[in-house]
>>> print(open('run.txt').read())   # compact mmCIF, C-alpha atoms
# COMPACT_ATOMS: atom_id res chain seq x y z
CA MET V 1 158.81 24.85 160.92
CA PRO V 2 155.92 26.55 159.05
CA THR V 3 152.46 26.36 160.56
CA ARG V 4 150.46 23.81 158.56
CA PRO V 5 146.86 24.32 157.39
CA SER V 6 144.21 22.23 159.13
CA ASN V 7 143.74 20.39 155.81
CA PRO V 8 147.05 20.26 153.91
CA LEU V 9 145.24 20.70 150.58
CA VAL V 10 143.08 23.65 151.66
CA PRO V 11 144.55 27.06 152.62
CA SER V 12 142.80 27.28 155.97
CA TRP V 13 144.54 27.67 159.33
CA SER V 14 142.48 26.88 162.44
CA GLN V 15 144.30 29.61 164.38
CA ASP V 16 142.77 32.16 162.01
CA GLN V 17 139.27 31.28 163.23
CA LEU V 18 137.77 33.84 165.58
CA ASP V 19 136.53 31.13 167.95
CA CYS V 20 139.90 29.29 168.11
CA PRO V 21 141.50 29.41 171.59
CA CYS V 22 144.96 29.71 169.97
CA PRO V 23 145.56 33.07 168.25
CA PRO V 24 147.15 33.25 164.79
CA GLU V 25 150.92 33.46 164.51
CA THR V 26 152.97 35.12 161.80
CA GLU V 27 156.04 33.60 160.18
CA ALA V 28 158.50 34.23 157.39
CA ALA V 29 157.23 33.77 153.84
CA TYR V 30 157.56 30.21 152.55
CA PHE V 31 156.51 28.07 149.60
CA ASP V 32 154.01 25.33 150.48
CA HIS V 33 154.47 22.46 148.05
CA LEU V 34 151.15 20.77 148.89
CA LEU V 35 149.22 23.98 148.29
CA ASN V 36 151.57 24.85 145.41
CA ALA V 37 151.66 28.45 146.59
CA TRP V 38 153.62 30.95 148.60
CA VAL V 39 152.19 31.71 152.05
CA LEU V 40 152.56 35.22 153.46
CA SER V 41 151.42 36.11 156.97
CA LYS V 42 153.68 38.90 158.25
CA HIS V 43 152.23 42.39 157.99
CA GLU V 44 155.17 43.79 156.03
CA ASP V 45 155.03 40.94 153.51
CA VAL V 46 151.27 41.17 152.99
CA LEU V 47 151.53 44.95 152.58
CA ALA V 48 154.25 44.52 149.96
CA ALA V 49 152.04 42.02 148.13
CA PHE V 50 149.09 44.42 148.11
CA ARG V 51 151.29 47.16 146.68
CA ALA V 52 152.99 45.00 144.02
CA SER V 53 151.67 45.79 140.54
CA SER V 54 152.72 42.37 139.22
CA LEU V 55 150.58 40.41 141.70
CA ASP V 56 147.01 40.13 140.46
CA PRO V 57 143.91 39.03 142.41
CA ILE V 58 142.68 35.53 141.55
CA GLY V 59 140.06 33.10 142.81
CA PRO V 60 140.89 30.04 144.89
CA HIS V 61 140.59 27.66 141.91
CA GLN V 62 142.61 29.63 139.37
CA ARG V 63 145.98 28.01 138.72
CA LYS V 64 146.96 28.88 135.16
CA THR V 65 149.55 31.47 134.26
CA VAL V 66 147.86 34.75 133.49
CA GLU V 67 148.65 37.48 131.03
CA ALA V 68 149.01 41.08 132.09
CA SER V 69 145.68 42.36 133.40
CA ASP V 70 143.60 44.91 131.54
CA ASP V 71 144.40 47.73 133.94
CA SER V 72 142.31 50.26 132.01
CA ALA V 73 139.13 48.16 132.31
CA ARG V 74 139.75 47.58 136.01
CA ALA V 75 140.42 51.27 136.59
CA ARG V 76 137.25 52.22 134.70
CA MET V 77 135.08 49.89 136.79
CA ARG V 78 136.72 51.14 139.96
CA ALA V 79 136.13 54.78 138.99
CA GLU V 80 132.45 54.10 138.20
CA THR V 81 131.95 52.49 141.60
CA ILE V 82 133.73 55.29 143.45
CA GLU V 83 131.52 57.83 141.67
CA CYS V 84 128.38 55.95 142.78
CA LEU V 85 129.69 55.81 146.34
CA SER V 86 130.36 59.53 146.62
CA PRO V 87 130.25 61.23 150.06
CA MET V 88 126.94 62.82 149.07
CA GLN V 89 125.43 59.44 148.24
CA LEU V 90 126.72 57.89 151.47
CA ARG V 91 125.17 60.72 153.47
CA ALA V 92 121.84 60.16 151.70
CA TRP V 93 121.87 56.43 152.45
CA ARG V 94 122.89 57.14 156.03
CA GLU V 95 119.89 59.42 156.50
CA GLN V 96 117.54 56.84 154.96
CA ILE V 97 118.76 53.88 157.02
CA THR V 98 119.20 55.70 160.37
CA LEU V 99 115.48 55.93 161.16
CA GLU V 100 114.99 52.19 160.58
CA VAL V 101 118.07 51.44 162.68
CA HIS V 102 116.74 53.35 165.68
CA GLN V 103 113.24 51.92 165.35
CA LEU V 104 114.60 48.39 165.31
CA ALA V 105 117.00 49.08 168.19
CA ASP V 106 114.11 50.46 170.25
CA SER V 107 112.14 47.26 169.62
CA LEU V 108 114.82 44.90 170.95
CA PRO V 109 113.68 43.20 174.18
CA ILE V 110 115.40 43.89 177.49
CA GLY V 111 116.57 40.95 179.59
CA LYS V 112 115.09 38.33 177.24
CA PRO V 113 116.96 36.21 174.69
CA VAL V 114 117.27 37.93 171.32
CA ASP V 115 119.24 36.91 168.23
CA LEU V 116 121.11 40.02 167.12
CA MET V 117 121.75 38.44 163.72
CA ASP V 118 118.19 37.57 162.62
CA GLU V 119 116.40 40.30 164.54
CA TYR V 120 118.75 43.23 163.99
CA ALA V 121 121.74 42.84 161.64
CA ARG V 122 120.18 40.93 158.77
CA PRO V 123 116.98 43.00 158.37
CA LEU V 124 118.93 46.26 158.38
CA CYS V 125 121.56 45.02 155.94
CA LEU V 126 118.84 43.74 153.60
CA SER V 127 117.25 47.19 153.59
CA LEU V 128 120.59 48.76 152.80
CA ALA V 129 121.30 46.22 150.04
CA ALA V 130 117.99 47.00 148.35
CA MET V 131 118.59 50.73 148.72
CA ALA V 132 122.11 50.62 147.27
CA THR V 133 121.21 48.41 144.31
CA GLY V 134 118.09 50.35 143.40
CA ILE V 135 115.45 47.70 144.05
CA SER V 136 112.51 47.59 146.44
CA ARG V 137 112.74 46.05 149.90
CA GLU V 138 110.18 43.45 148.77
CA SER V 139 112.32 42.51 145.74
CA GLY V 140 115.32 42.25 148.02
CA ALA V 141 113.48 39.82 150.28
CA ARG V 142 112.64 37.64 147.27
CA LEU V 143 116.29 37.59 146.18
CA TYR V 144 117.65 36.97 149.66
CA GLU V 145 117.85 33.17 149.43
CA ARG V 146 119.77 33.28 146.15
CA ALA V 147 122.23 35.73 147.68
CA ARG V 148 122.63 33.43 150.69
CA ARG V 149 123.62 30.56 148.38
CA VAL V 150 126.24 32.71 146.67
CA SER V 151 127.61 33.74 150.06
CA ALA V 152 127.72 30.14 151.31
CA ALA V 153 129.91 29.19 148.35
CA ALA V 154 132.26 32.08 149.10
CA ALA V 155 132.46 31.08 152.76
CA GLU V 156 133.62 27.58 151.79
CA PRO V 157 135.02 27.73 148.24
CA TYR V 158 136.44 24.17 148.46
CA ASP V 159 133.04 22.48 148.82
CA PRO V 160 132.11 21.29 145.29
CA ALA V 161 128.36 21.16 145.96
CA LEU V 162 128.29 24.69 147.42
CA ARG V 163 130.40 25.92 144.53
CA VAL V 164 127.99 24.56 141.89
CA ASP V 165 124.95 25.86 143.78
CA GLY V 166 126.51 29.27 144.33
CA LYS V 167 127.40 29.61 140.66
CA ALA V 168 123.83 28.83 139.65
CA ALA V 169 122.42 31.28 142.19
CA GLY V 170 124.83 33.97 141.02
CA ALA V 171 123.70 33.53 137.42
CA GLU V 172 120.07 33.88 138.53
CA LEU V 173 120.88 37.05 140.47
CA GLY V 174 122.74 38.55 137.54
CA GLY V 175 119.55 38.98 135.56
CA CYS V 176 117.73 40.81 138.36
CA PHE V 177 119.73 44.05 138.37
CA HIS V 178 119.83 46.37 135.38
CA SER V 179 121.33 49.69 136.47
CA GLY V 180 124.40 51.10 138.16
CA PRO V 181 127.99 49.83 137.96
CA GLU V 182 128.47 46.08 137.83
CA THR V 183 129.94 45.99 141.35
CA LEU V 184 126.67 47.40 142.76
CA ARG V 185 124.40 44.88 141.07
CA GLY V 186 124.24 41.20 142.02
CA SER V 187 127.63 41.09 143.71
CA GLY V 188 126.87 44.29 145.60
CA PHE V 189 123.56 42.88 146.78
CA VAL V 190 125.30 39.75 148.06
CA ALA V 191 128.00 41.79 149.81
CA LEU V 192 125.56 44.07 151.61
CA SER V 193 122.79 41.58 152.41
CA GLN V 194 125.05 38.64 153.35
CA THR V 195 128.71 39.55 153.91
CA LEU V 196 128.07 42.71 155.91
CA PRO V 197 125.89 40.98 158.56
CA CYS V 198 128.62 38.34 158.94
CA LEU V 199 131.16 41.08 159.58
CA LEU V 200 128.87 42.74 162.13
CA GLY V 201 128.30 39.42 163.88
CA ASN V 202 132.05 38.91 164.22
CA ALA V 203 132.46 42.45 165.55
CA TRP V 204 129.72 42.19 168.17
CA TYR V 205 130.88 38.74 169.27
CA SER V 206 134.42 40.06 169.70
CA LEU V 207 133.28 43.12 171.63
CA MET V 208 131.25 40.87 173.94
CA GLN V 209 134.47 39.05 174.86
CA TYR V 210 135.77 42.39 176.18
CA PRO V 211 132.88 43.83 178.22
CA GLN V 212 135.07 46.62 179.59
CA GLN V 213 135.56 47.83 176.01
CA TRP V 214 131.81 47.70 175.38
CA SER V 215 131.31 49.70 178.59
CA ALA V 216 133.84 52.28 177.46
CA LEU V 217 131.89 52.77 174.23
CA HIS V 218 128.61 52.88 176.15
CA GLN V 219 130.04 55.75 178.16
CA GLU V 220 131.53 57.46 175.11
CA PRO V 221 129.64 56.38 171.96
CA ALA V 222 131.43 59.05 169.93
CA LEU V 223 134.32 56.56 169.77
CA THR V 224 132.22 54.12 167.75
CA GLU V 225 133.78 54.90 164.36
CA GLN V 226 137.28 54.43 165.76
CA ALA V 227 136.16 51.23 167.48
CA ILE V 228 134.76 49.87 164.21
CA ASP V 229 138.20 50.16 162.62
CA GLU V 230 139.75 48.26 165.53
CA LEU V 231 137.10 45.55 165.25
CA LEU V 232 137.76 45.29 161.52
CA ARG V 233 141.39 44.62 162.37
CA TYR V 234 140.67 42.15 165.15
CA CYS V 235 137.94 40.08 163.54
CA GLY V 236 137.86 40.88 159.84
CA LEU V 237 135.98 38.37 157.74
CA ALA V 238 138.17 37.01 154.91
CA ARG V 239 140.72 34.55 156.26
CA THR V 240 142.90 34.44 153.14
CA ILE V 241 143.00 35.99 149.69
CA MET V 242 144.92 34.89 146.61
CA ARG V 243 147.30 36.54 144.20
CA MET V 244 149.16 35.33 141.10
CA ALA V 245 152.44 36.72 139.79
CA THR V 246 152.21 38.13 136.28
CA ALA V 247 156.00 38.58 136.22
CA ASP V 248 159.01 37.45 138.23
CA ILE V 249 159.22 39.53 141.40
CA HIS V 250 161.46 39.91 144.45
CA LEU V 251 159.19 40.45 147.46
CA ASN V 252 160.94 41.24 150.75
CA GLY V 253 163.66 38.70 150.06
CA SER V 254 161.48 36.02 148.42
CA PHE V 255 161.84 35.36 144.69
CA ILE V 256 158.40 34.66 143.24
CA ARG V 257 158.24 33.44 139.67
CA ARG V 258 155.69 34.40 137.05
CA GLY V 259 152.61 32.19 137.31
CA GLU V 260 153.14 31.24 140.97
CA ARG V 261 150.25 31.69 143.39
CA ILE V 262 150.47 33.61 146.66
CA ILE V 263 148.22 33.10 149.68
CA LEU V 264 147.84 36.14 151.93
CA ARG V 265 146.81 35.24 155.47
CA ILE V 266 144.85 38.39 156.24
CA ILE V 267 143.76 37.43 159.76
CA ALA V 268 147.32 36.59 160.80
CA ALA V 269 148.76 39.79 159.31
CA ASN V 270 146.14 41.84 161.16
CA ARG V 271 147.46 40.30 164.40
CA ASP V 272 151.17 40.75 163.69
CA PRO V 273 152.88 41.82 166.97
CA ASP V 274 155.58 43.58 164.96
CA ARG V 275 152.91 45.97 163.68
CA PHE V 276 150.26 46.09 166.41
CA PRO V 277 151.00 46.23 170.16
CA ALA V 278 149.02 43.59 172.10
CA PRO V 279 147.50 42.41 168.80
CA HIS V 280 145.29 39.68 170.28
CA ARG V 281 143.24 42.11 172.37
CA VAL V 282 140.46 44.46 171.37
CA ASP V 283 141.43 48.03 172.19
CA VAL V 284 138.84 50.56 171.05
CA THR V 285 141.29 53.41 171.67
CA ARG V 286 143.72 52.02 169.07
CA SER V 287 143.90 54.55 166.27
CA ASP V 288 146.85 53.69 164.04
CA GLY V 289 144.89 51.73 161.41
CA GLY V 290 146.96 49.67 158.99
CA HIS V 291 144.83 46.51 158.86
CA PHE V 292 144.04 44.60 155.66
CA THR V 293 140.39 43.68 156.19
CA LEU V 294 139.38 46.15 153.48
CA GLY V 295 142.50 45.63 151.39
CA ALA V 296 145.33 48.07 150.73
CA GLY V 297 147.02 49.85 147.86
CA PRO V 298 145.54 49.70 144.35
CA HIS V 299 143.32 46.74 145.33
CA SER V 300 141.74 48.32 148.40
CA CYS V 301 137.99 47.89 148.75
CA VAL V 302 136.15 50.65 146.88
CA ALA V 303 133.22 50.26 149.30
CA ALA V 304 135.37 50.78 152.41
CA GLY V 305 133.69 54.09 153.22
CA LEU V 306 130.23 52.54 152.88
CA ILE V 307 131.16 49.56 155.06
CA ARG V 308 132.62 51.73 157.82
CA MET V 309 129.64 54.10 157.72
CA VAL V 310 127.01 51.37 157.90
CA ALA V 311 128.84 49.37 160.55
CA SER V 312 129.00 52.47 162.72
CA VAL V 313 125.37 53.50 162.14
CA ILE V 314 124.06 50.02 162.99
CA THR V 315 126.39 49.38 165.95
CA ARG V 316 126.20 52.72 167.72
CA PRO V 317 122.56 52.41 168.90
CA LEU V 318 123.40 49.08 170.56
CA LEU V 319 126.28 50.70 172.42
CA GLN V 320 124.24 53.77 173.37
CA ARG V 321 121.22 51.91 174.67
CA PHE V 322 122.73 48.84 176.30
CA GLY V 323 125.54 47.89 178.60
CA PRO V 324 127.60 44.78 177.81
CA PRO V 325 125.23 41.97 176.68
CA THR V 326 125.43 38.51 178.18
CA GLU V 327 125.38 35.33 176.11
CA ALA V 328 121.97 33.64 176.17
CA LEU V 329 122.91 30.59 174.08
CA PRO V 330 126.21 29.23 172.73
CA VAL V 331 127.24 30.86 169.47
CA GLU V 332 126.43 28.82 166.38
CA TRP V 333 129.30 29.24 163.90
CA GLN V 334 128.92 28.88 160.16
CA GLY V 335 131.18 29.08 157.11
CA GLY V 336 134.53 27.56 156.30
CA SER V 337 137.94 28.26 154.80
CA GLY V 338 136.79 31.47 153.11
CA PHE V 339 135.26 33.07 156.19
CA ARG V 340 133.39 32.13 159.36
CA PHE V 341 130.73 34.02 161.27
CA PRO V 342 128.03 33.59 163.92
CA ARG V 343 124.93 32.09 162.30
CA SER V 344 123.13 33.28 165.40
CA LEU V 345 124.13 35.54 168.26
CA TRP V 346 121.67 34.99 171.10
CA VAL V 347 122.15 37.52 173.89
CA ARG V 348 120.36 39.23 176.75
CA LEU V 349 120.47 43.00 176.53
CA HIS V 350 120.70 45.14 179.66
CA VAL V 351 119.96 48.81 180.18
CA SER V 352 122.48 50.51 182.44
CA ASP V 353 122.03 53.72 184.43
CA ARG V 354 123.39 55.63 181.49
CA HIS V 355 120.89 55.40 178.64
CA ASN V 356 122.14 57.78 175.97
CA TYR V 357 119.96 58.38 172.94
CA GLU V 358 122.23 60.65 170.97
CA GLY V 359 121.77 60.56 167.21
CA ALA V 360 123.90 58.01 165.39
>>> encode(input="run.txt", output="structure tokens")
Amino acid sequence: MPTRPSNPLVPSWSQDQLDCPCPPETEAAYFDHLLNAWVLSKHEDVLAAFRASSLDPIGPHQRKTVEASDDSARARMRAETIECLSPMQLRAWREQITLEVHQLADSLPIGKPVDLMDEYARPLCLSLAAMATGISRESGARLYERARRVSAAAAEPYDPALRVDGKAAGAELGGCFHSGPETLRGSGFVALSQTLPCLLGNAWYSLMQYPQQWSALHQEPALTEQAIDELLRYCGLARTIMRMATADIHLNGSFIRRGERIILRIIAANRDPDRFPAPHRVDVTRSDGGHFTLGAGPHSCVAAGLIRMVASVITRPLLQRFGPPTEALPVEWQGGSGFRFPRSLWVRLHVSDRHNYEGA
């Protein structure tokens, strides 16, 4: 019997929430008649979907049959973004943001309640967003609220009021950026100033649930980059993504007709026991990769290198300076069927005997 969504008309499974006591389960592909879509949750099925050239990305409200995509236009935009996110550029941004990261980490109080979201993650990600989109930090602060409204609509795409408000805010943002590839303008500002802090909040919350893993990284902070990839697997942000078939396709034994929608349960696939040993535990020594948080195949995230770099640069000083934090207040969760994240993450930070200040 297939696992049903919490709301039968919304593709959202409560087990895919990071704060749910029941972990996600994978199951064979099936067609959900209420959602009018195929549901894929097994790692091998989701991987096949990512690699299939006849399955195109769509939004949650797109239901009409599509024509073949303009692959040349998509490839051109992708190439422009990759060029702007060259290793040289990432190194330059890393150097610029590192000083601010360490200054802010040094200012965090010891033993007193501190919200890692508002006092650490969000300010740093806003600085990065302004840097990457070519605007001043002051301009970024003025645009922050509009970006938050766009992000809120993405977090719960089935709320009509949020959807209307997010669309209006997105249109306002669109006129504020005038250089660089389209993906590094308004949408890039939203991703870096809003989505990235959400991802960091999920990662830090998850690591706090496994204090022995935090301690291991405190003792050996050089493992931070590897740990970030494991945290992306364990607590990646997007709960589901959508595809639509542009042609009839056989996918691992399922016959999907042209025009049918496909729901990929990313969180569940990232916890597939057939792919990952002990999938419901954080293991910072895990090194086999293979998660879908940043996509896969021709539709993999072009900013994956930037996301991994920034997540590591911002997280490593916390691990170097502090032992496992303790929760100061219950976590306040926000978001919906698109993604969920800690609105606040109130903790008490503790300095252990080992206080390593290596460079990030």
>>> closest_residue(input="run.txt", among="V:Pro277, V:Pro325, V:Gly338, V:Pro330", to="V:Ser352", atoms="only C-alpha atoms")
V:Pro325
>>> closest_residue(input="run.txt", among="V:Phe50, V:Glu25, V:Cys176, V:Asn202", to="V:Ser139", atoms="only C-alpha atoms")
V:Cys176
>>> atom_distance(input="run.txt", atom1="atom CA of V:Leu192", atom2="atom CA of V:Ala147")
9.8 Å
>>> atom_distance(input="run.txt", atom1="atom CA of V:Leu90", atom2="atom CA of V:Leu306")
6.6 Å
>>> residues_around(input="run.txt", residues="V:Ile82", least_positions_apart="4", cutoff="9 Å", atoms="all atoms listed in the file", output="PyMOL selection string")
chain V and resi 77-78+86+302-303
>>> closest_residue(input="run.txt", among="V:Ile314, V:Gln226, V:Ile110, V:Phe322", to="V:Arg348", atoms="all atoms listed in the file")
V:Ile110
>>> residues_near_point(input="run.txt", point="(130.0, 42.9, 173.4)", cutoff="9 Å", atoms="only C-alpha atoms", output="list in words")
Ala203, Trp204, Tyr205, Ser206, Leu207, Met208, Gln209, Tyr210, Pro211, Gln212, Gln213, Trp214, Ser215, Leu319, Gly323, Pro324, Pro325 and Thr326 of chain V
>>> closest_residue(input="run.txt", among="V:Gly253, V:Pro298, V:Thr240, V:Ala328", to="V:Ile58", atoms="all atoms listed in the file")
V:Thr240
>>> atom_distance(input="run.txt", atom1="atom CA of V:Leu99", atom2="atom CA of V:Leu318")
14.1 Å
>>> closest_residue(input="run.txt", among="V:Ala153, V:Ala121, V:Leu35, V:Leu232", to="V:Asn270", atoms="only C-alpha atoms")
V:Leu232
>>> residues_around(input="run.txt", residues="V:His102", least_positions_apart="5", cutoff="12 Å", atoms="only C-alpha atoms", output="list of chain:residue names")
V:Glu95, V:Gln96, V:Ile97, V:Ser107, V:Leu108, V:Tyr120, V:Leu124, V:Val313, V:Ile314, V:Thr315, V:Arg316, V:Pro317, V:Leu318, V:Leu319, V:Gln320, V:Arg321, V:Tyr357, V:Glu358, V:Gly359, V:Ala360
>>> closest_residue(input="run.txt", among="V:Leu196, V:Leu162, V:Ala37, V:Leu126", to="V:Glu260", atoms="only C-alpha atoms")
V:Ala37
>>> residues_around(input="run.txt", residues="V:Leu184", least_positions_apart="5", cutoff="10 Å", atoms="all atoms listed in the file", output="PyMOL selection string")
chain V and resi 80-81+84-85+129+132-134+177+179+189-192+303
>>> residues_around(input="run.txt", residues="V:Val347", least_positions_apart="3", cutoff="8 Å", atoms="all atoms listed in the file", output="PyMOL selection string")
chain V and resi 112-116+325-329
>>> write_last_selection(input="run.txt", atoms="C-alpha atoms", output="CSV table (one decimal), keeping the file's coordinate frame")
chain,number,residue,atom,x,y,z
V,112,LYS,CA,115.1,38.3,177.2
V,113,PRO,CA,117.0,36.2,174.7
V,114,VAL,CA,117.3,37.9,171.3
V,115,ASP,CA,119.2,36.9,168.2
V,116,LEU,CA,121.1,40.0,167.1
V,325,PRO,CA,125.2,42.0,176.7
V,326,THR,CA,125.4,38.5,178.2
V,327,GLU,CA,125.4,35.3,176.1
V,328,ALA,CA,122.0,33.6,176.2
V,329,LEU,CA,122.9,30.6,174.1
>>> residues_around(input="run.txt", residues="stretch 235-237 of chain V", least_positions_apart="5", cutoff="12 Å", atoms="only C-alpha atoms", output="VMD selection string")
chain V and resid 16 to 20 23 to 24 154 to 155 191 194 to 207 209 227 to 230 265 to 271 279 to 282 291 to 295 307 335 to 342
